[in-house]
>>> print(open('my_file_33.cif').read())   # mmCIF, C-alpha atoms
data_input
#
loop_
_atom_site.label_atom_id
_atom_site.label_comp_id
_atom_site.auth_asym_id
_atom_site.auth_seq_id
_atom_site.Cartn_x
_atom_site.Cartn_y
_atom_site.Cartn_z
CA MET A 1 -16.49 -6.75 8.08
CA ILE A 2 -17.67 -6.49 4.48
CA ARG A 3 -16.87 -9.40 2.18
CA ILE A 4 -16.28 -8.51 -1.46
CA HIS A 5 -15.52 -10.63 -4.52
CA PRO A 6 -13.78 -8.79 -7.41
CA PHE A 7 -14.98 -10.29 -10.68
CA GLY A 8 -14.22 -9.97 -14.39
CA ASP A 9 -11.48 -9.14 -16.84
CA TYR A 10 -10.80 -5.77 -15.20
CA ALA A 11 -10.70 -6.98 -11.60
CA HIS A 12 -7.05 -5.92 -11.39
CA ARG A 13 -8.06 -2.28 -11.82
CA GLN A 14 -10.00 -1.38 -8.68
CA PRO A 15 -8.83 -0.20 -5.24
CA LEU A 16 -8.73 -3.59 -3.53
CA ALA A 17 -6.56 -5.07 -6.29
CA TYR A 18 -3.54 -3.20 -4.88
CA PRO A 19 -1.74 -4.76 -1.88
CA ALA A 20 -1.09 -1.42 -0.16
CA ILE A 21 -4.76 -0.40 -0.29
CA ARG A 22 -5.96 -3.88 0.65
CA ALA A 23 -3.64 -3.78 3.68
CA ALA A 24 -5.07 -0.42 4.70
CA CYS A 25 -8.55 -2.00 4.63
CA THR A 26 -7.60 -4.86 6.99
CA GLY A 27 -10.35 -5.34 9.55
CA ARG A 28 -12.83 -3.37 7.45
CA ILE A 29 -13.10 -5.22 4.13
CA GLU A 30 -12.23 -8.82 3.27
CA VAL A 31 -11.53 -9.85 -0.33
CA VAL A 32 -12.87 -13.38 -0.87
CA ASP A 33 -12.14 -15.81 -3.71
CA ASP A 34 -15.47 -17.61 -3.45
CA ILE A 35 -18.27 -15.57 -5.02
CA ALA A 36 -20.82 -17.40 -2.84
CA ARG A 37 -19.21 -15.97 0.35
CA ALA A 38 -19.38 -12.37 -0.80
CA GLU A 39 -21.89 -9.75 0.22
CA ILE A 40 -20.79 -7.67 -2.74
CA VAL A 41 -19.67 -8.79 -6.19
CA ALA A 42 -17.65 -6.01 -7.83
CA VAL A 43 -16.82 -5.45 -11.47
CA SER A 44 -14.57 -2.59 -12.54
CA HIS A 45 -15.72 -1.87 -16.09
CA THR A 46 -19.17 -1.96 -17.69
CA LYS A 47 -17.65 -4.21 -20.35
CA ASP A 48 -17.61 -6.98 -17.73
CA LEU A 49 -21.35 -6.59 -17.24
CA ASP A 50 -21.77 -7.30 -20.95
CA ARG A 51 -19.17 -10.05 -21.32
CA HIS A 52 -20.13 -12.00 -18.21
CA ALA A 53 -23.85 -11.31 -17.92
CA GLU A 54 -24.77 -14.99 -17.99
CA VAL A 55 -22.41 -15.87 -15.14
CA LEU A 56 -23.41 -12.84 -13.07
CA LYS A 57 -27.13 -13.56 -13.47
CA ALA A 58 -26.64 -17.21 -12.57
CA ARG A 59 -24.33 -16.83 -9.59
CA ILE A 60 -25.39 -13.66 -7.76
CA GLY A 61 -27.96 -14.55 -5.10
CA PRO A 62 -30.85 -12.43 -3.83
CA ASP A 63 -28.87 -11.39 -0.73
CA GLN A 64 -25.85 -10.24 -2.71
CA ARG A 65 -25.29 -6.92 -4.41
CA LEU A 66 -23.57 -6.18 -7.71
CA VAL A 67 -21.37 -3.08 -7.76
CA LEU A 68 -19.40 -1.24 -10.41
CA LEU A 69 -16.29 -0.31 -8.41
CA SER A 70 -14.44 1.72 -11.02
CA GLU A 71 -11.25 3.71 -10.46
CA GLU A 72 -11.16 5.03 -14.03
CA PRO A 73 -13.50 7.89 -15.08
CA PHE A 74 -12.23 7.46 -18.64
CA TRP A 75 -13.94 4.06 -18.81
CA ASP A 76 -17.07 5.36 -17.10
CA THR A 77 -17.60 8.36 -19.36
CA VAL A 78 -16.85 6.55 -22.63
CA TRP A 79 -18.49 3.14 -22.14
CA ASP A 80 -21.19 3.62 -19.49
CA ALA A 81 -24.56 4.67 -20.91
CA ASP A 82 -25.51 6.63 -17.77
CA PRO A 83 -22.39 7.25 -15.65
CA LEU A 84 -24.00 9.90 -13.42
CA ALA A 85 -26.72 7.54 -12.15
CA ARG A 86 -26.08 5.80 -8.84
CA GLU A 87 -28.12 2.71 -9.79
CA GLY A 88 -28.28 0.64 -13.00
CA PRO A 89 -29.60 -1.28 -14.85
CA ARG A 90 -27.35 -2.35 -17.69
CA GLU A 91 -29.04 -3.96 -20.65
CA THR A 92 -27.17 -7.12 -21.68
CA SER A 93 -27.68 -10.03 -24.03
CA ARG A 94 -29.04 -11.95 -21.02
CA GLY A 95 -31.40 -9.20 -19.94
CA PRO A 96 -30.93 -6.27 -17.55
CA LEU A 97 -28.41 -6.39 -14.71
CA ARG A 98 -29.14 -4.25 -11.68
CA PHE A 99 -26.06 -2.74 -10.06
CA THR A 100 -24.79 0.21 -8.03
CA ARG A 101 -22.08 2.53 -9.29
CA LEU A 102 -19.24 3.46 -6.92
CA THR A 103 -17.08 5.66 -9.12
CA HIS A 104 -15.51 9.11 -9.22
CA LEU A 105 -18.84 10.40 -10.47
CA THR A 106 -21.14 8.74 -7.92
CA SER A 107 -19.20 8.38 -4.65
CA ASP A 108 -16.76 10.06 -2.25
CA ILE A 109 -14.25 7.22 -2.41
CA TYR A 110 -11.74 9.11 -4.56
CA ARG A 111 -12.17 12.56 -2.97
CA PHE A 112 -8.68 12.73 -1.52
CA ASP A 113 -7.36 15.03 1.21
CA ARG A 114 -3.73 15.68 0.21
CA ILE A 115 -2.50 12.79 -1.93
CA PRO A 116 -4.61 11.66 -4.92
CA TYR A 117 -5.90 8.12 -5.09
CA PHE A 118 -3.74 6.93 -7.98
CA LEU A 119 -0.53 7.53 -6.03
CA LEU A 120 -1.79 5.14 -3.33
CA THR A 121 -1.98 2.19 -5.69
CA ASP A 122 1.76 1.58 -5.31
CA PRO A 123 4.03 2.99 -2.55
CA VAL A 124 6.80 3.32 -5.15
CA TYR A 125 5.28 6.60 -6.36
CA ALA A 126 5.74 8.31 -3.01
CA ARG A 127 9.27 6.93 -2.61
CA ARG A 128 10.37 8.16 -6.02
CA TYR A 129 8.78 11.55 -5.61
CA ALA A 130 10.37 12.04 -2.17
CA GLY A 131 13.85 11.83 -3.69
CA LEU A 132 13.18 13.82 -6.85
CA PHE A 133 11.32 16.66 -5.14
CA ALA A 134 13.98 16.93 -2.43
CA ARG A 135 16.55 17.34 -5.23
CA ASN A 136 14.43 19.87 -7.09
CA ALA A 137 13.58 21.91 -3.98
CA ALA A 138 17.28 22.59 -3.46
CA ARG A 139 17.64 24.31 -6.85
CA GLY A 140 17.63 28.10 -7.08
CA ALA A 141 16.10 30.41 -9.67
CA GLU A 142 19.19 30.67 -11.87
CA ARG A 143 19.61 26.92 -11.86
CA TRP A 144 16.05 26.47 -13.11
CA ARG A 145 16.50 29.04 -15.85
CA ALA A 146 19.68 27.28 -16.97
CA LEU A 147 18.04 23.84 -16.95
CA TRP A 148 15.06 25.07 -18.99
CA ALA A 149 17.34 26.84 -21.45
CA ALA A 150 19.35 23.64 -21.95
CA ALA A 151 16.34 21.31 -22.35
CA PRO A 152 16.27 19.91 -25.91
CA TRP A 153 12.45 19.96 -26.13
CA GLN A 154 10.06 22.84 -25.62
CA ALA A 155 7.23 20.48 -24.66
CA GLY A 156 6.66 16.78 -24.18
CA PHE A 157 3.54 14.64 -24.62
CA MET A 158 3.43 11.01 -23.52
CA ALA A 159 -0.03 9.54 -24.05
CA GLU A 160 -1.85 7.49 -26.64
CA ALA A 161 -2.93 9.41 -29.75
CA ARG A 162 -6.73 9.33 -29.83
CA ASP A 163 -8.92 10.88 -32.53
CA ASP A 164 -12.29 9.16 -32.13
CA PRO A 165 -15.08 11.65 -31.23
CA LYS A 166 -16.36 9.19 -28.61
CA TYR A 167 -13.52 10.37 -26.38
CA ASP A 168 -15.00 13.90 -26.33
CA ARG A 169 -18.12 12.82 -24.43
CA SER A 170 -18.88 15.33 -21.68
CA PHE A 171 -21.27 15.92 -18.77
CA PRO A 172 -21.18 19.68 -18.08
CA GLN A 173 -23.66 19.38 -15.20
CA ALA A 174 -21.03 17.39 -13.30
CA GLY A 175 -17.96 19.28 -14.52
CA VAL A 176 -16.81 16.17 -16.37
CA ALA A 177 -15.44 15.91 -19.92
CA GLY A 178 -13.30 13.64 -22.04
CA LEU A 179 -9.86 15.12 -22.72
CA SER A 180 -7.79 12.50 -24.53
CA SER A 181 -8.83 13.58 -28.04
CA ARG A 182 -8.42 17.25 -27.13
CA ARG A 183 -4.98 16.45 -25.71
CA THR A 184 -4.10 14.78 -29.02
CA ARG A 185 -5.24 17.82 -31.00
CA ILE A 186 -3.13 20.14 -28.84
CA ALA A 187 -0.07 17.90 -29.24
CA ARG A 188 -0.50 17.85 -33.02
CA ALA A 189 -0.81 21.63 -33.17
CA CYS A 190 2.44 22.25 -31.28
CA GLY A 191 5.64 23.16 -33.09
CA LYS A 192 8.56 21.02 -34.17
CA ARG A 193 10.31 21.22 -30.79
CA SER A 194 7.59 19.13 -29.17
CA LEU A 195 8.26 15.50 -28.26
CA ARG A 196 5.35 13.11 -28.84
CA LEU A 197 5.57 9.62 -27.36
CA GLY A 198 3.04 6.83 -26.89
CA HIS A 199 0.90 4.44 -28.89
CA GLY A 200 -0.15 6.05 -32.16
CA TRP A 201 2.74 8.51 -32.26
CA GLN A 202 5.52 6.06 -33.07
CA PRO A 203 5.82 2.29 -33.65
CA GLY A 204 6.56 -0.13 -30.88
CA PRO A 205 4.84 -1.74 -27.89
CA ARG A 206 2.63 0.22 -25.53
CA ARG A 207 4.62 1.67 -22.66
CA GLN A 208 2.45 -0.24 -20.15
CA ALA A 209 4.13 -3.39 -21.49
CA LEU A 210 7.46 -2.23 -20.05
CA ARG A 211 8.62 -3.84 -16.82
CA ASP A 212 8.47 -0.45 -15.07
CA TRP A 213 6.88 2.15 -17.34
CA HIS A 214 6.88 4.79 -14.61
CA LEU A 215 10.59 4.56 -13.86
CA ASP A 216 11.35 4.48 -17.60
CA LYS A 217 9.43 7.73 -18.03
CA LEU A 218 11.18 9.51 -15.16
CA VAL A 219 14.66 8.40 -16.22
CA ARG A 220 14.25 9.03 -19.96
CA LEU A 221 12.68 12.46 -19.65
CA ASP A 222 14.35 13.98 -16.59
CA GLY A 223 15.44 17.48 -17.61
CA GLN A 224 14.53 16.93 -21.26
CA CYS A 225 11.45 19.18 -21.59
CA ARG A 226 10.62 22.69 -20.46
CA LEU A 227 6.91 21.90 -20.41
CA PHE A 228 5.30 18.49 -20.12
CA SER A 229 1.71 17.40 -20.64
CA ALA A 230 -0.16 16.38 -17.50
CA ILE A 231 -3.54 16.56 -19.23
CA GLU A 232 -5.64 13.66 -17.97
CA ASN A 233 -7.88 11.37 -20.01
CA THR A 234 -10.86 12.90 -18.24
CA LEU A 235 -11.65 16.25 -16.67
CA HIS A 236 -13.13 15.69 -13.21
CA PRO A 237 -12.62 18.00 -10.20
CA ASP A 238 -11.11 15.22 -8.03
CA TYR A 239 -9.36 13.18 -10.70
CA VAL A 240 -5.58 13.58 -10.54
CA THR A 241 -3.11 10.84 -11.49
CA GLU A 242 0.67 10.69 -11.51
CA LYS A 243 0.90 12.99 -14.53
CA PRO A 244 1.38 16.44 -12.90
CA PHE A 245 3.69 14.99 -10.26
CA ASP A 246 5.81 13.31 -12.94
CA ALA A 247 6.11 16.51 -14.95
CA LEU A 248 7.18 18.50 -11.90
CA ALA A 249 9.56 15.77 -10.71
CA MET A 250 11.26 15.74 -14.13
CA GLY A 251 11.84 19.49 -13.92
CA ALA A 252 9.16 20.53 -16.40
CA VAL A 253 6.21 22.87 -15.97
CA PRO A 254 3.06 20.69 -16.00
CA LEU A 255 0.56 21.44 -18.76
CA VAL A 256 -2.93 20.80 -17.38
CA GLU A 257 -6.61 21.11 -18.20
CA ALA A 258 -8.27 22.07 -14.96
CA GLY A 259 -10.04 25.38 -14.55
CA PRO A 260 -11.44 27.00 -11.39
CA GLY A 261 -12.44 24.61 -8.63
CA HIS A 262 -10.24 21.75 -9.79
CA ARG A 263 -8.26 20.09 -7.02
CA LEU A 264 -5.02 20.64 -8.94
CA HIS A 265 -5.11 24.29 -7.94
CA ALA A 266 -5.26 23.33 -4.27
CA LEU A 267 -2.33 20.94 -4.67
CA PHE A 268 -0.04 23.25 -6.62
CA PRO A 269 0.68 26.92 -5.83
CA GLU A 270 -0.54 29.49 -8.33
CA GLY A 271 1.98 29.70 -11.14
CA GLY A 272 3.24 26.15 -10.63
CA LEU A 273 1.15 24.90 -13.58
CA LEU A 274 0.21 26.08 -17.06
CA ASP A 275 -3.58 25.65 -17.25
CA LEU A 276 -4.91 25.40 -20.82
CA LYS A 277 -8.60 25.18 -19.84
CA GLY A 278 -10.88 26.89 -22.33
CA LEU A 279 -8.25 27.51 -25.00
CA PRO A 280 -8.94 26.13 -28.49
CA PRO A 281 -6.21 23.64 -29.47
CA ALA A 282 -4.45 26.12 -31.77
CA GLU A 283 -4.34 28.77 -29.04
CA ALA A 284 -3.22 26.23 -26.45
CA ALA A 285 -0.42 25.13 -28.78
CA ALA A 286 0.60 28.76 -29.34
CA ALA A 287 0.81 29.33 -25.57
CA ILE A 288 3.04 26.26 -25.31
CA ASP A 289 5.27 27.20 -28.24
CA ASP A 290 5.61 30.82 -27.02
CA TRP A 291 6.57 29.94 -23.44
CA ASP A 292 10.00 31.52 -22.92
CA PRO A 293 12.27 30.29 -20.11
CA ALA A 294 14.19 33.57 -20.21
CA SER A 295 11.12 35.57 -19.21
CA ALA A 296 9.41 32.95 -17.05
CA ASP A 297 9.31 33.60 -13.31
CA PRO A 298 10.67 30.49 -11.57
CA VAL A 299 9.59 31.59 -8.08
CA PRO A 300 6.06 30.07 -8.13
CA TYR A 301 7.50 26.94 -9.71
CA MET A 302 10.08 26.69 -6.95
CA ALA A 303 7.30 27.02 -4.39
CA ALA A 304 5.53 24.07 -6.03
CA GLN A 305 8.70 21.99 -5.78
CA ARG A 306 9.09 22.83 -2.09
CA ARG A 307 5.45 21.99 -1.40
CA MET A 308 5.81 18.59 -3.07
CA ALA A 309 9.08 17.90 -1.24
CA ALA A 310 7.35 18.54 2.09
CA LEU A 311 4.31 16.49 1.09
CA PHE A 312 6.25 13.35 0.24
CA ALA A 313 8.82 13.70 3.02
CA ASP A 314 6.19 13.09 5.71
CA PRO A 315 5.09 9.42 6.00
CA ALA A 316 2.24 10.45 8.33
CA ILE A 317 0.50 12.24 5.46
CA LEU A 318 0.63 9.10 3.33
CA ARG A 319 -0.66 6.93 6.19
CA ALA A 320 -3.52 9.34 6.81
CA GLU A 321 -4.50 9.22 3.14
CA TYR A 322 -4.57 5.41 3.13
CA ASP A 323 -6.76 5.53 6.23
CA ARG A 324 -9.11 8.06 4.63
CA LEU A 325 -9.44 5.84 1.55
CA ALA A 326 -10.11 2.73 3.66
CA ARG A 327 -12.81 4.51 5.63
CA ALA A 328 -14.42 5.88 2.48
CA LEU A 329 -14.41 2.47 0.82
CA GLU A 330 -15.93 0.82 3.88
CA ALA A 331 -18.65 3.47 4.15
CA ALA A 332 -19.53 3.26 0.46
CA LEU A 333 -19.74 -0.55 0.44
CA ALA A 334 -21.67 -0.60 3.71
CA GLY A 335 -24.12 1.85 2.22
CA VAL A 336 -24.75 -0.55 -0.64
CA CYS A 337 -25.22 -3.50 1.72
CA ASP A 338 -27.60 -1.57 3.97
CA SER A 339 -29.78 -0.14 1.21
CA PRO A 340 -32.73 -2.07 -0.20
CA ALA A 341 -31.95 -4.16 -3.26
CA PRO A 342 -33.10 -2.44 -6.47
CA ALA A 343 -36.58 -3.59 -7.36
CA LEU A 344 -37.01 -5.52 -10.59
CA SER A 345 -39.89 -4.89 -12.93
CA PRO A 346 -42.12 -7.85 -13.85
CA ALA A 347 -40.45 -7.94 -17.27
CA GLU A 348 -37.07 -8.44 -15.64
#
>>> encode(input="my_file_33.cif", output="structure tokens")
Amino acid sequence: MIRIHPFGDYAHRQPLAYPAIRAACTGRIEVVDDIARAEIVAVSHTKDLDRHAEVLKARIGPDQRLVLLSEEPFWDTVWDADPLAREGPRETSRGPLRFTRLTHLTSDIYRFDRIPYFLLTDPVYARRYAGLFARNAARGAERWRALWAAAPWQAGFMAEARDDPKYDRSFPQAGVAGLSSRRTRIARACGKRSLRLGHGWQPGPRRQALRDWHLDKLVRLDGQCRLFSAIENTLHPDYVTEKPFDALAMGAVPLVEAGPGHRLHALFPEGGLLDLKGLPPAEAAAAIDDWDPASADPVPYMAAQRRMAALFADPAILRAEYDRLARALEAALAGVCDSPAPALSPAE
């Protein structure tokens, strides 16, 4: 069994921080509180390599390995100097730290079969979706047309407004690109019947500060928008969060940035999404503003609802996905333990 010690300010944002995933790893991986007992010390953000370099250099022994176990490609692409490299180092105020990256960009951990990783972090996602998709799958074509016609908003956007060019960083060779600034530009270009929510769009606390931000989103916006943004922070072929599932569950057509080969197109039937990939923001906004529920064909959308209802109605699928993730985590960590420690130069 592999012993791992999560370390740093972002230790709550990695797979083994979630009880459901940790339970799935029972017998494979043990999370230990004592750093001295660990074979692997894991940070979840490169910021922790910088902030805690002195502690990491002092406490990690020659038989231990330092790993960046990151679940968030947004962090990796914005703050990591070389996110495509499997091995470090990271230059810090205390000298270089050697580490191994286990991320979306450098491992198979997050390459899901049928249910994306993010939905495994809390079983509540699957439970909520099971009920909402069962409801939606029972609706006919005329019912969907009527609901879209009655929705007060043409489109909805719920994400932080970001304008800094650093969020546009891309790695075309890996099919990876920052999307949060592009998403902001599209939202700004949309017409007056677009709802914009989130930090930077209106005053108030960040929605993550709510007791249950996910339930608040589903309840507040159910049936309120014809289209709803499911554009992720980062374009990556295997990176899918709750966003497209939320949009569909609320009765909206998900707006996505995917393109050919993205896993979204395997999850959702053709026509169940509105893919804005490759459109300049003004053209993407025009496609959103011009979408007409009277002329839209609800049949592909209904097929997407039925597919999601079947997906979340079967507990065996969810169990199999937890098992896949546990096996992938074990294999990735074992690979780090079994490989030679990165050699240090004389200067290091």
>>> closest_residue(input="my_file_33.cif", among="A:Ala313, A:Ala58, A:Leu273, A:Ala334", to="Arg127 of chain A", atoms="all atoms listed in the file")
A:Ala313
>>> resolve_selection(input="my_file_33.cif", expression="the PyMOL selection byres ((chain A and resi 252-261) around 8)", output="ChimeraX atom specification")
/A:148,223,225-232,235,237,244,247-251,262-265,272-278,301
>>> resolve_selection(input="my_file_33.cif", expression="the PyMOL selection byres ((chain A and resi 176) around 12)", output="PyMOL selection string")
chain A and resi 73-74+76-78+83-84+104-105+168-175+177-179+232-239+257-259+262
>>> closest_residue(input="my_file_33.cif", among="A:Met308, A:Ile35, A:Ile40, A:Leu333", to="Asp108 of chain A", atoms="all atoms listed in the file")
A:Leu333
>>> residues_around(input="my_file_33.cif", residues="segment 210-217 of chain A", least_positions_apart="4", cutoff="12 Å", atoms="all atoms listed in the file", output="list in words")
Leu119, Asp122, Val124, Tyr125, Arg127, Arg128, Tyr129, Leu132, Gly156, Phe157, Met158, Ala159, Leu197, Gly198, Gly204, Pro205, Arg206, Leu221, Asp222, Gly223, Gln224, Phe228, Glu242, Lys243, Phe245, Asp246, Ala247, Ala249 and Met250 of chain A
>>> write_last_selection(input="my_file_33.cif", atoms="C-alpha atoms", output="mmCIF file, in the coordinates of the input")
data_model
loop_
_atom_site.group_PDB
_atom_site.id
_atom_site.type_symbol
_atom_site.label_atom_id
_atom_site.label_comp_id
_atom_site.auth_asym_id
_atom_site.auth_seq_id
_atom_site.Cartn_x
_atom_site.Cartn_y
_atom_site.Cartn_z
ATOM 1 C CA LEU A 119 -0.530 7.530 -6.030
ATOM 2 C CA ASP A 122 1.760 1.580 -5.310
ATOM 3 C CA VAL A 124 6.800 3.320 -5.150
ATOM 4 C CA TYR A 125 5.280 6.600 -6.360
ATOM 5 C CA ARG A 127 9.270 6.930 -2.610
ATOM 6 C CA ARG A 128 10.370 8.160 -6.020
ATOM 7 C CA TYR A 129 8.780 11.550 -5.610
ATOM 8 C CA LEU A 132 13.180 13.820 -6.850
ATOM 9 C CA GLY A 156 6.660 16.780 -24.180
ATOM 10 C CA PHE A 157 3.540 14.640 -24.620
ATOM 11 C CA MET A 158 3.430 11.010 -23.520
ATOM 12 C CA ALA A 159 -0.030 9.540 -24.050
ATOM 13 C CA LEU A 197 5.570 9.620 -27.360
ATOM 14 C CA GLY A 198 3.040 6.830 -26.890
ATOM 15 C CA GLY A 204 6.560 -0.130 -30.880
ATOM 16 C CA PRO A 205 4.840 -1.740 -27.890
ATOM 17 C CA ARG A 206 2.630 0.220 -25.530
ATOM 18 C CA LEU A 221 12.680 12.460 -19.650
ATOM 19 C CA ASP A 222 14.350 13.980 -16.590
ATOM 20 C CA GLY A 223 15.440 17.480 -17.610
ATOM 21 C CA GLN A 224 14.530 16.930 -21.260
ATOM 22 C CA PHE A 228 5.300 18.490 -20.120
ATOM 23 C CA GLU A 242 0.670 10.690 -11.510
ATOM 24 C CA LYS A 243 0.900 12.990 -14.530
ATOM 25 C CA PHE A 245 3.690 14.990 -10.260
ATOM 26 C CA ASP A 246 5.810 13.310 -12.940
ATOM 27 C CA ALA A 247 6.110 16.510 -14.950
ATOM 28 C CA ALA A 249 9.560 15.770 -10.710
ATOM 29 C CA MET A 250 11.260 15.740 -14.130
#
>>> residues_around(input="my_file_33.cif", residues="Pro165 of chain A", least_positions_apart="5", cutoff="10 Å", atoms="only C-alpha atoms", output="list in words")
Gly178, Ser180, Ser181 and Arg182 of chain A
>>> closest_residue(input="my_file_33.cif", among="A:Asp292, A:Asp9, A:Glu72, A:Glu30", to="Asp48 of chain A", atoms="only C-alpha atoms")
A:Asp9
>>> atom_distance(input="my_file_33.cif", atom1="atom CA of Ala326 of chain A", atom2="atom CA of Arg3 of chain A")
14.0 Å
>>> atom_distance(input="my_file_33.cif", atom1="atom CA of Ala189 of chain A", atom2="atom CA of Pro281 of chain A")
6.8 Å
>>> atom_distance(input="my_file_33.cif", atom1="atom CA of Ile29 of chain A", atom2="atom CA of Glu330 of chain A")
6.7 Å
>>> residues_around(input="my_file_33.cif", residues="Ala85 of chain A", least_positions_apart="2", cutoff="9 Å", atoms="all atoms listed in the file", output="list in words")
Asp82, Pro83, Glu87, Gly88, Thr100, Arg101, Leu105 and Thr106 of chain A
>>> residues_around(input="my_file_33.cif", residues="Ala36 of chain A", least_positions_apart="6", cutoff="12 Å", atoms="only C-alpha atoms", output="list in words")
Arg3, Ile4, His5, Leu56, Ala58, Arg59, Ile60, Gly61, Pro62, Asp63, Gln64 and Arg65 of chain A
>>> closest_residue(input="my_file_33.cif", among="A:Val31, A:Ser93, A:Phe99, A:Arg13", to="Val336 of chain A", atoms="all atoms listed in the file")
A:Phe99
>>> decode(input="my_file_33.cif", residues="segment 235-241 of chain A", atoms="all heavy atoms", output="CSV table (one decimal), in the first residue's frame")
chain,number,residue,atom,x,y,z
A,235,LEU,N,-9.5,24.5,-21.7
A,235,LEU,CA,-9.8,23.5,-22.7
A,235,LEU,C,-8.8,22.4,-22.6
A,235,LEU,O,-7.6,22.6,-22.7
A,235,LEU,CB,-9.7,24.2,-24.1
A,235,LEU,CG,-9.8,23.2,-25.3
A,235,LEU,CD1,-11.2,22.6,-25.4
A,235,LEU,CD2,-9.5,23.9,-26.6
A,236,HIS,N,-9.2,21.2,-22.3
A,236,HIS,CA,-8.4,20.0,-22.3
A,236,HIS,C,-9.3,18.8,-22.7
A,236,HIS,O,-10.5,18.8,-22.3
A,236,HIS,CB,-7.9,19.8,-20.9
A,236,HIS,CG,-7.0,18.5,-20.8
A,236,HIS,ND1,-7.5,17.3,-20.7
A,236,HIS,CD2,-5.7,18.4,-20.7
A,236,HIS,CE1,-6.6,16.4,-20.6
A,236,HIS,NE2,-5.4,17.1,-20.6
A,237,PRO,N,-8.9,17.9,-23.6
A,237,PRO,CA,-9.8,16.9,-24.1
A,237,PRO,C,-10.5,16.1,-23.0
A,237,PRO,O,-11.7,15.6,-23.3
A,237,PRO,CB,-8.9,16.0,-24.9
A,237,PRO,CG,-7.7,16.9,-25.3
A,237,PRO,CD,-7.5,17.8,-24.1
A,238,ASP,N,-9.9,15.9,-21.9
A,238,ASP,CA,-10.6,15.1,-20.8
A,238,ASP,C,-11.1,15.9,-19.6
A,238,ASP,O,-11.6,15.3,-18.7
A,238,ASP,CB,-9.5,14.1,-20.3
A,238,ASP,CG,-9.1,13.0,-21.3
A,238,ASP,OD1,-10.0,12.5,-22.0
A,238,ASP,OD2,-7.9,12.8,-21.4
A,239,TYR,N,-11.0,17.2,-19.7
A,239,TYR,CA,-11.4,18.0,-18.6
A,239,TYR,C,-12.9,18.4,-18.7
A,239,TYR,O,-13.3,19.2,-19.6
A,239,TYR,CB,-10.6,19.2,-18.5
A,239,TYR,CG,-10.9,20.1,-17.3
A,239,TYR,CD1,-10.8,19.6,-16.0
A,239,TYR,CD2,-11.2,21.5,-17.4
A,239,TYR,CE1,-11.1,20.3,-14.9
A,239,TYR,CE2,-11.5,22.2,-16.3
A,239,TYR,CZ,-11.4,21.7,-15.1
A,239,TYR,OH,-11.7,22.5,-14.0
A,240,VAL,N,-13.7,17.8,-17.9
A,240,VAL,CA,-15.2,18.1,-17.9
A,240,VAL,C,-15.6,18.2,-16.4
A,240,VAL,O,-15.3,17.3,-15.6
A,240,VAL,CB,-16.0,17.0,-18.6
A,240,VAL,CG1,-17.5,17.4,-18.5
A,240,VAL,CG2,-15.6,16.8,-20.0
A,241,THR,N,-16.2,19.3,-16.0
A,241,THR,CA,-16.7,19.5,-14.6
A,241,THR,C,-18.2,19.3,-14.6
A,241,THR,O,-18.8,18.7,-15.4
A,241,THR,CB,-16.2,20.9,-14.1
A,241,THR,OG1,-17.0,21.9,-14.7
A,241,THR,CG2,-14.7,21.1,-14.2
